[in-house]
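A.B. asks: Contents of model.cif (mmCIF, C-alpha atoms and all ligand atoms):
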data_my_file
loop_
_atom_site.label_atom_id
_atom_site.label_comp_id
_atom_site.auth_asym_id
_atom_site.auth_seq_id
_atom_site.Cartn_x
_atom_site.Cartn_y
_atom_site.Cartn_z
CA MET A 1 -4.57 78.25 44.29
CA ALA A 2 -4.19 77.16 40.68
CA GLU A 3 -1.79 80.07 40.24
CA GLU A 4 0.37 78.86 43.17
CA ARG A 5 0.33 75.30 41.76
CA ASP A 6 1.57 76.61 38.40
CA LEU A 7 4.22 78.77 40.08
CA LEU A 8 5.61 75.88 42.09
CA ASP A 9 5.41 73.40 39.20
CA SER A 10 7.29 75.73 36.88
CA TYR A 11 9.90 76.34 39.63
CA PHE A 12 10.44 72.56 39.97
CA ALA A 13 10.73 72.19 36.19
CA ALA A 14 13.23 75.07 35.94
CA SER A 15 15.22 73.68 38.90
CA GLU A 16 15.45 70.28 37.26
CA ASP A 17 16.65 71.92 34.04
CA ARG A 18 19.32 73.83 35.96
CA GLN A 19 20.42 70.67 37.81
CA ARG A 20 20.47 68.68 34.55
CA LEU A 21 22.69 71.31 32.96
CA LEU A 22 25.12 71.03 35.87
CA ARG A 23 25.26 67.25 35.44
CA THR A 24 25.99 67.24 31.72
CA THR A 25 29.51 66.64 30.48
CA LYS A 26 31.75 69.74 30.57
CA PRO A 27 34.42 70.37 27.92
CA SER A 28 37.02 70.11 30.73
CA ASP A 29 35.93 66.59 31.78
CA ALA A 30 38.58 63.87 31.38
CA ARG A 31 37.83 61.12 28.83
CA GLY A 32 37.11 58.48 31.48
CA ARG A 33 34.60 60.79 33.16
CA VAL A 34 32.80 61.41 29.86
CA LEU A 35 32.51 57.63 29.33
CA LEU A 36 31.41 56.83 32.89
CA LYS A 37 28.95 59.68 33.45
CA PRO A 38 26.00 58.19 31.54
CA LEU A 39 26.54 54.80 33.23
CA ILE A 40 26.58 55.94 36.86
CA PRO A 41 23.51 57.40 38.63
CA VAL A 42 24.08 60.99 39.75
CA ARG A 43 23.87 60.16 43.47
CA TYR A 44 26.82 57.73 43.24
CA ARG A 45 29.10 59.86 41.06
CA GLY A 46 30.75 61.91 43.82
CA THR A 47 31.50 58.84 45.95
CA GLY A 48 32.67 56.95 42.85
CA ARG A 49 35.22 59.68 42.03
CA VAL A 50 36.50 59.68 45.62
CA ILE A 51 36.95 55.87 45.59
CA LEU A 52 38.74 55.88 42.20
CA THR A 53 40.96 58.78 43.31
CA ASP A 54 41.91 56.95 46.52
CA LEU A 55 42.79 53.85 44.44
CA VAL A 56 45.44 55.76 42.43
CA ARG A 57 46.94 57.42 45.50
CA PRO A 58 50.48 55.91 45.18
CA ARG A 59 50.79 57.10 41.55
CA GLU A 60 49.44 60.56 42.39
CA ARG A 61 51.73 60.85 45.42
CA ARG A 62 54.68 60.38 43.05
CA LYS A 63 53.29 63.13 40.79
CA ALA A 64 52.96 65.40 43.84
CA ARG A 65 56.62 64.69 44.75
CA LEU A 66 57.67 65.70 41.22
CA ALA A 67 55.56 68.88 41.37
CA ALA A 68 57.04 69.70 44.77
CA GLY A 69 60.50 69.73 43.19
CA GLN A 70 59.69 73.01 41.41
CA ARG A 71 60.64 76.40 42.82
CA GLU A 72 57.84 78.46 44.43
CA VAL A 73 55.21 75.71 44.40
CA ARG A 74 51.64 77.07 44.33
CA LEU A 75 48.68 74.75 44.87
CA HIS A 76 45.25 75.28 43.33
CA LEU A 77 43.05 72.90 45.33
CA GLY A 78 39.59 71.82 44.10
CA CYS A 79 40.36 73.29 40.67
CA GLY A 80 37.37 71.60 38.99
CA GLY A 81 37.13 72.72 35.37
CA GLU A 82 39.14 75.90 36.07
CA PRO A 83 42.83 74.87 36.10
CA LYS A 84 45.25 77.81 36.43
CA THR A 85 48.54 78.19 34.60
CA GLY A 86 51.52 78.31 36.96
CA TRP A 87 49.65 76.43 39.69
CA VAL A 88 49.65 72.73 40.59
CA ASN A 89 45.97 71.95 39.93
CA ILE A 90 44.45 69.34 42.24
CA ASP A 91 40.99 67.78 42.38
CA LEU A 92 39.38 64.36 42.13
CA LEU A 93 39.96 62.16 39.06
CA GLY A 94 37.91 63.32 36.10
CA ASP A 95 38.88 66.99 36.18
CA PRO A 96 41.87 68.50 34.32
CA VAL A 97 44.33 68.00 37.19
CA ASP A 98 48.09 67.83 37.61
CA VAL A 99 47.58 65.65 40.68
CA ALA A 100 44.34 63.76 41.49
CA TRP A 101 43.80 63.77 45.24
CA ASN A 102 40.96 63.36 47.73
CA LEU A 103 41.31 66.61 49.67
CA ALA A 104 39.51 65.14 52.66
CA SER A 105 42.76 63.26 53.36
CA PRO A 106 46.19 64.68 54.31
CA LEU A 107 47.85 66.63 51.49
CA PRO A 108 50.73 64.79 49.74
CA PHE A 109 53.24 67.61 50.40
CA ASP A 110 55.89 68.09 53.08
CA SER A 111 55.33 70.60 55.87
CA GLY A 112 56.43 74.12 54.95
CA SER A 113 57.08 73.17 51.32
CA VAL A 114 54.73 75.40 49.29
CA ALA A 115 54.63 79.15 48.64
CA ALA A 116 50.90 79.70 48.09
CA ILE A 117 47.55 77.91 48.16
CA PHE A 118 44.33 78.95 46.45
CA HIS A 119 40.93 77.30 46.69
CA GLU A 120 37.68 78.69 45.37
CA HIS A 121 34.24 77.14 45.94
CA LEU A 122 35.77 74.02 47.46
CA LEU A 123 35.44 74.45 51.23
CA GLU A 124 31.63 74.36 51.17
CA HIS A 125 31.85 70.87 49.61
CA LEU A 126 33.56 69.44 52.70
CA PRO A 127 31.66 68.74 55.93
CA LEU A 128 32.62 71.44 58.46
CA ARG A 129 34.90 69.17 60.50
CA ALA A 130 36.70 67.89 57.39
CA GLY A 131 36.97 71.49 56.18
CA ASP A 132 38.62 72.47 59.46
CA VAL A 133 41.16 69.62 59.18
CA PHE A 134 41.76 70.59 55.54
CA MET A 135 42.47 74.23 56.51
CA GLN A 136 44.99 72.95 59.09
CA GLU A 137 46.60 70.93 56.30
CA CYS A 138 46.85 74.11 54.21
CA TYR A 139 48.62 75.77 57.14
CA ARG A 140 50.97 72.80 57.57
CA VAL A 141 52.19 72.63 53.97
CA LEU A 142 52.65 76.40 53.55
CA GLY A 143 56.13 77.73 54.20
CA PRO A 144 56.73 80.75 56.46
CA GLY A 145 55.31 83.85 54.75
CA GLY A 146 53.21 81.66 52.42
CA ILE A 147 49.77 82.92 51.39
CA LEU A 148 46.43 81.13 51.63
CA ARG A 149 43.62 82.64 49.54
CA VAL A 150 40.14 81.14 49.87
CA GLY A 151 36.89 81.89 48.04
CA VAL A 152 33.50 80.60 49.20
CA PRO A 153 29.89 81.47 48.36
CA ASP A 154 29.06 84.50 50.49
CA ALA A 155 26.22 83.12 52.62
CA GLY A 156 26.32 86.14 54.96
CA LYS A 157 25.70 88.57 52.09
CA LEU A 158 22.84 86.45 50.76
CA ILE A 159 21.17 86.23 54.17
CA ARG A 160 21.58 89.99 54.80
CA SER A 161 20.02 90.58 51.41
CA TYR A 162 17.14 88.21 52.26
CA ALA A 163 16.48 90.15 55.45
CA GLY A 164 16.93 93.49 53.66
CA ASP A 165 15.84 94.80 50.26
CA GLN A 166 16.57 91.45 48.51
CA SER A 167 18.12 93.13 45.46
CA TYR A 168 21.45 91.22 45.61
CA LEU A 169 19.58 87.96 46.12
CA ASN A 170 17.26 88.67 43.17
CA ASP A 171 20.19 89.63 40.93
CA LEU A 172 22.00 86.40 41.77
CA HIS A 173 18.96 84.08 41.65
CA PRO A 174 16.27 85.84 39.63
CA GLY A 175 12.73 84.60 39.21
CA ARG A 176 12.41 82.29 42.23
CA PRO A 177 8.81 82.10 43.57
CA THR A 178 10.02 83.20 47.04
CA ALA A 179 13.27 84.71 48.27
CA LEU A 180 13.82 81.85 50.72
CA LEU A 181 13.89 79.32 47.89
CA ALA A 182 16.94 81.14 46.51
CA VAL A 183 18.65 80.99 49.93
CA GLN A 184 17.70 77.32 50.20
CA GLU A 185 19.36 76.52 46.87
CA LEU A 186 22.67 77.85 48.16
CA PHE A 187 22.47 75.71 51.28
CA TYR A 188 21.10 72.44 49.86
CA TRP A 189 22.10 72.25 46.20
CA HIS A 190 25.41 71.36 44.53
CA ARG A 191 26.35 68.88 47.30
CA HIS A 192 27.10 71.80 49.62
CA CYS A 193 27.89 70.68 53.17
CA ALA A 194 28.84 73.89 55.00
CA MET A 195 28.20 77.60 54.56
CA PHE A 196 30.37 80.60 55.45
CA ASP A 197 30.24 84.27 56.22
CA ALA A 198 33.35 86.36 56.94
CA GLU A 199 33.14 85.67 60.70
CA THR A 200 32.91 81.87 60.29
CA LEU A 201 35.57 81.64 57.58
CA GLY A 202 37.83 83.89 59.66
CA LEU A 203 37.32 81.55 62.63
CA LEU A 204 38.55 78.58 60.55
CA PHE A 205 41.59 80.54 59.37
CA ARG A 206 42.52 81.63 62.92
CA ALA A 207 41.86 78.20 64.44
CA SER A 208 44.22 76.75 61.81
CA GLY A 209 47.03 79.10 62.85
CA PHE A 210 46.65 82.14 60.58
CA PRO A 211 46.71 85.16 62.92
CA ASP A 212 45.37 87.83 60.58
CA PRO A 213 42.94 86.68 57.86
CA ARG A 214 41.29 89.52 55.94
CA PRO A 215 38.30 89.60 53.58
CA ARG A 216 39.52 90.78 50.17
CA GLU A 217 37.70 92.05 47.12
CA PHE A 218 37.68 90.05 43.89
CA GLY A 219 41.14 90.52 42.31
CA ASP A 220 42.68 92.18 45.37
CA THR A 221 45.57 90.05 46.61
CA ASP A 222 49.12 89.98 47.96
CA LEU A 223 49.91 87.27 45.37
CA ASP A 224 51.65 88.57 42.25
CA GLN A 225 48.41 87.92 40.33
CA ALA A 226 44.90 87.14 41.57
CA PRO A 227 43.83 83.63 40.53
CA ASP A 228 40.12 84.45 41.05
CA THR A 229 37.69 83.09 38.45
CA GLU A 230 35.64 85.80 36.72
CA HIS A 231 32.30 83.98 36.80
CA ARG A 232 32.63 83.58 40.59
CA ARG A 233 32.95 87.35 41.15
CA ALA A 234 29.38 88.24 42.19
CA GLU A 235 28.74 85.40 44.63
CA THR A 236 32.08 84.99 46.34
CA LEU A 237 33.60 85.99 49.66
CA TYR A 238 37.41 85.99 49.34
CA MET A 239 39.71 85.84 52.35
CA GLU A 240 43.48 85.82 52.45
CA ALA A 241 46.13 85.33 55.11
CA ARG A 242 49.86 84.85 55.38
CA LYS A 243 51.48 82.13 57.49
CA PRO A 244 53.71 83.85 60.04
CA ALA A 245 57.43 83.13 60.26
CA SER A 246 56.82 81.25 63.49
CA ARG A 247 53.56 80.19 65.16
CA SER A 248 52.30 82.89 67.56
C1 LIG A 301 31.97 73.87 42.73
S1 LIG A 301 33.36 73.00 42.19
C2 LIG A 301 34.53 74.34 42.13
C3 LIG A 301 35.52 74.16 41.06
C4 LIG A 301 36.38 75.41 40.78
N1 LIG A 301 37.22 75.73 41.91
C5 LIG A 301 35.48 76.58 40.44
O1 LIG A 301 35.44 77.55 41.21
O2 LIG A 301 34.80 76.50 39.42
C6 LIG A 301 33.87 72.10 43.63
C7 LIG A 301 35.05 71.22 43.36
O3 LIG A 301 35.47 70.62 44.57
C8 LIG A 301 35.90 69.32 44.27
N2 LIG A 301 35.87 68.49 45.47
C9 LIG A 301 34.84 68.27 46.31
N3 LIG A 301 35.20 67.39 47.28
C10 LIG A 301 36.48 67.05 47.03
C11 LIG A 301 37.42 66.17 47.65
N4 LIG A 301 37.09 65.44 48.72
N5 LIG A 301 38.65 66.07 47.12
C12 LIG A 301 39.00 66.78 46.01
N6 LIG A 301 38.17 67.64 45.38
C13 LIG A 301 36.92 67.75 45.87
C14 LIG A 301 34.91 68.84 43.22
O4 LIG A 301 35.41 67.74 42.49
C15 LIG A 301 34.72 70.10 42.39
O5 LIG A 301 35.60 70.15 41.29
#
Kindly present the structure from the file in structure tokens form.

C.D. replies:
Amino acid sequence: MAEERDLLDSYFAASEDRQRLLRTTKPSDARGRVLLKPLIPVRYRGTGRVILTDLVRPRERRKARLAAGQREVRLHLGCGGEPKTGWVNIDLLGDPVDVAWNLASPLPFDSGSVAAIFHEHLLEHLPLRAGDVFMQECYRVLGPGGILRVGVPDAGKLIRSYAGDQSYLNDLHPGRPTALLAVQELFYWHRHCAMFDAETLGLLFRASGFPDPRPREFGDTDLDQAPDTEHRRAETLYMEARKPASRS
């Protein structure tokens, strides 16, 4: 029993270290975020960023209008600390964005006005219903033939691994006292609100109007260049679809 106590205690200590690391200031954080982070308790930070972002909505809408004036507009939504060159990078205030926007509200772009949309490890941060509305917004703002590429943590693969030989799960989350604790981290940590496998993500795509979403490998895309982030490779399910010329 003492052994189990030690095992669990060291798991809690390691988990807290991992969480603390995630909460520290990143080099990509905007100056205001660096200043505010130590002053605001962790549990209020997400809500605080949403409120501040909503407050600057008129200014950011103007920036979105300017960005929409470019040819072949491509949106990178929920960019976090991974902005992409050649994309309009959008997230909450505090990240290195071109436009700060709360993505749980309608996108500040006209219907049919953008050529491509990419989001990676964003959808699981929105409650399922909000995620569904957001996917419909992606469909709305894409022009005919426009491409939506989405990456999410691959919950299906993790669960299959849990029920199988557990090697993928152990590679991704080594050293957890039990395999279920690793699965649990994916579902409950990082402010995750919804989880996806290919069937569930495909359902959201189709329900939003995309007739033929397909799972794609890391780097495999119909875009001229895959925007996928290297450190997301092992854990991510990518899916891509094209908006048809007219709704079927
Ligand atoms: C796990 S990070 C992913 C960042 C980046 N795409 C990556 O793969 O590293 C999730 C991002 O979603 C953003 N996010 C969550 N809810 C949001 C919302 N309502 N509006 C805008 N961005 C949001 C967070 O600010 C955060 O940057």

A.B. asks: Counting only C-alpha atoms, which residue out of A:Arg20, A:Arg233, A:Arg33, A:Lys243 sits closest to A:Glu120?

C.D. replies: A:Arg233

A.B. asks: Go through A:Pro215, A:Gly86, A:Gly143, A:Pro96 and flag the residue nearest ligand LIG 301 (chain A), using only C-alpha atoms and all ligand atoms for the distances.

C.D. replies: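 Of all the options, A:Pro96 lies closest to ligand LIG 301 (chain A).
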
A.B. asks: Looking at A:Gly80, A:Pro244, A:Pro153, A:Gly46, which one is nearest to ligand LIG 301 (chain A), with distances taken over all atoms listed in the file?

C.D. replies: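 Nearest to ligand LIG 301 (chain A): A:Gly80.
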
A.B. asks: Which distance in Å separates atom CA of A:Leu123 and atom CA of A:Val152, to one decimal?

C.D. replies: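 Computing the Euclidean distance for atom CA of A:Leu123 and atom CA of A:Val152 yields 6.8 Å.
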
A.B. asks: Kindly work out which residues sit at most 10 Å from ligand LIG 301 (chain A), using all atoms listed in the file, and give the list as a ChimeraX atom specification.

C.D. replies: /A:46-47,49-50,53-54,76-84,89-97,100-105,118-127,130-131,134,151-153,190-193,228-232,236

A.B. asks: Can you tell me how far atom CA of A:Ala194 sits from atom CA of A:Thr24, in Å to one decimal?

C.D. replies: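 Atom CA of A:Thr24 lies 24.4 Å from atom CA of A:Ala194.
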
A.B. asks: Could you please determine the separation between atom CA of A:Leu169 and atom CA of A:Lys157 in Å, to one decimal place?

C.D. replies: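 Between atom CA of A:Leu169 and atom CA of A:Lys157 the gap is 8.6 Å.
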
A.B. asks: Leaving out A:Arg61 and any residue of its chain fewer than 4 positions from it, which residues lie within 9 Å of it when counting only C-alpha atoms, given as a list in words?

C.D. replies: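 Close residues of A:Arg61: Val56, Arg57, Arg65, Leu66, Val99, Ala100, Trp101, Pro108 and Phe109 of chain A.
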
A.B. asks: For the residues in the current selection, export C-alpha atoms as a short mmCIF file (atom, residue, chain, number, x, y, z; two decimals), in the frame of the given file.

C.D. replies:
data_model
loop_
_atom_site.label_atom_id
_atom_site.label_comp_id
_atom_site.auth_asym_id
_atom_site.auth_seq_id
_atom_site.Cartn_x
_atom_site.Cartn_y
_atom_site.Cartn_z
CA VAL A 56 45.44 55.76 42.43
CA ARG A 57 46.94 57.42 45.50
CA ARG A 65 56.62 64.69 44.75
CA LEU A 66 57.67 65.70 41.22
CA VAL A 99 47.58 65.65 40.68
CA ALA A 100 44.34 63.76 41.49
CA TRP A 101 43.80 63.77 45.24
CA PRO A 108 50.73 64.79 49.74
CA PHE A 109 53.24 67.61 50.40
#
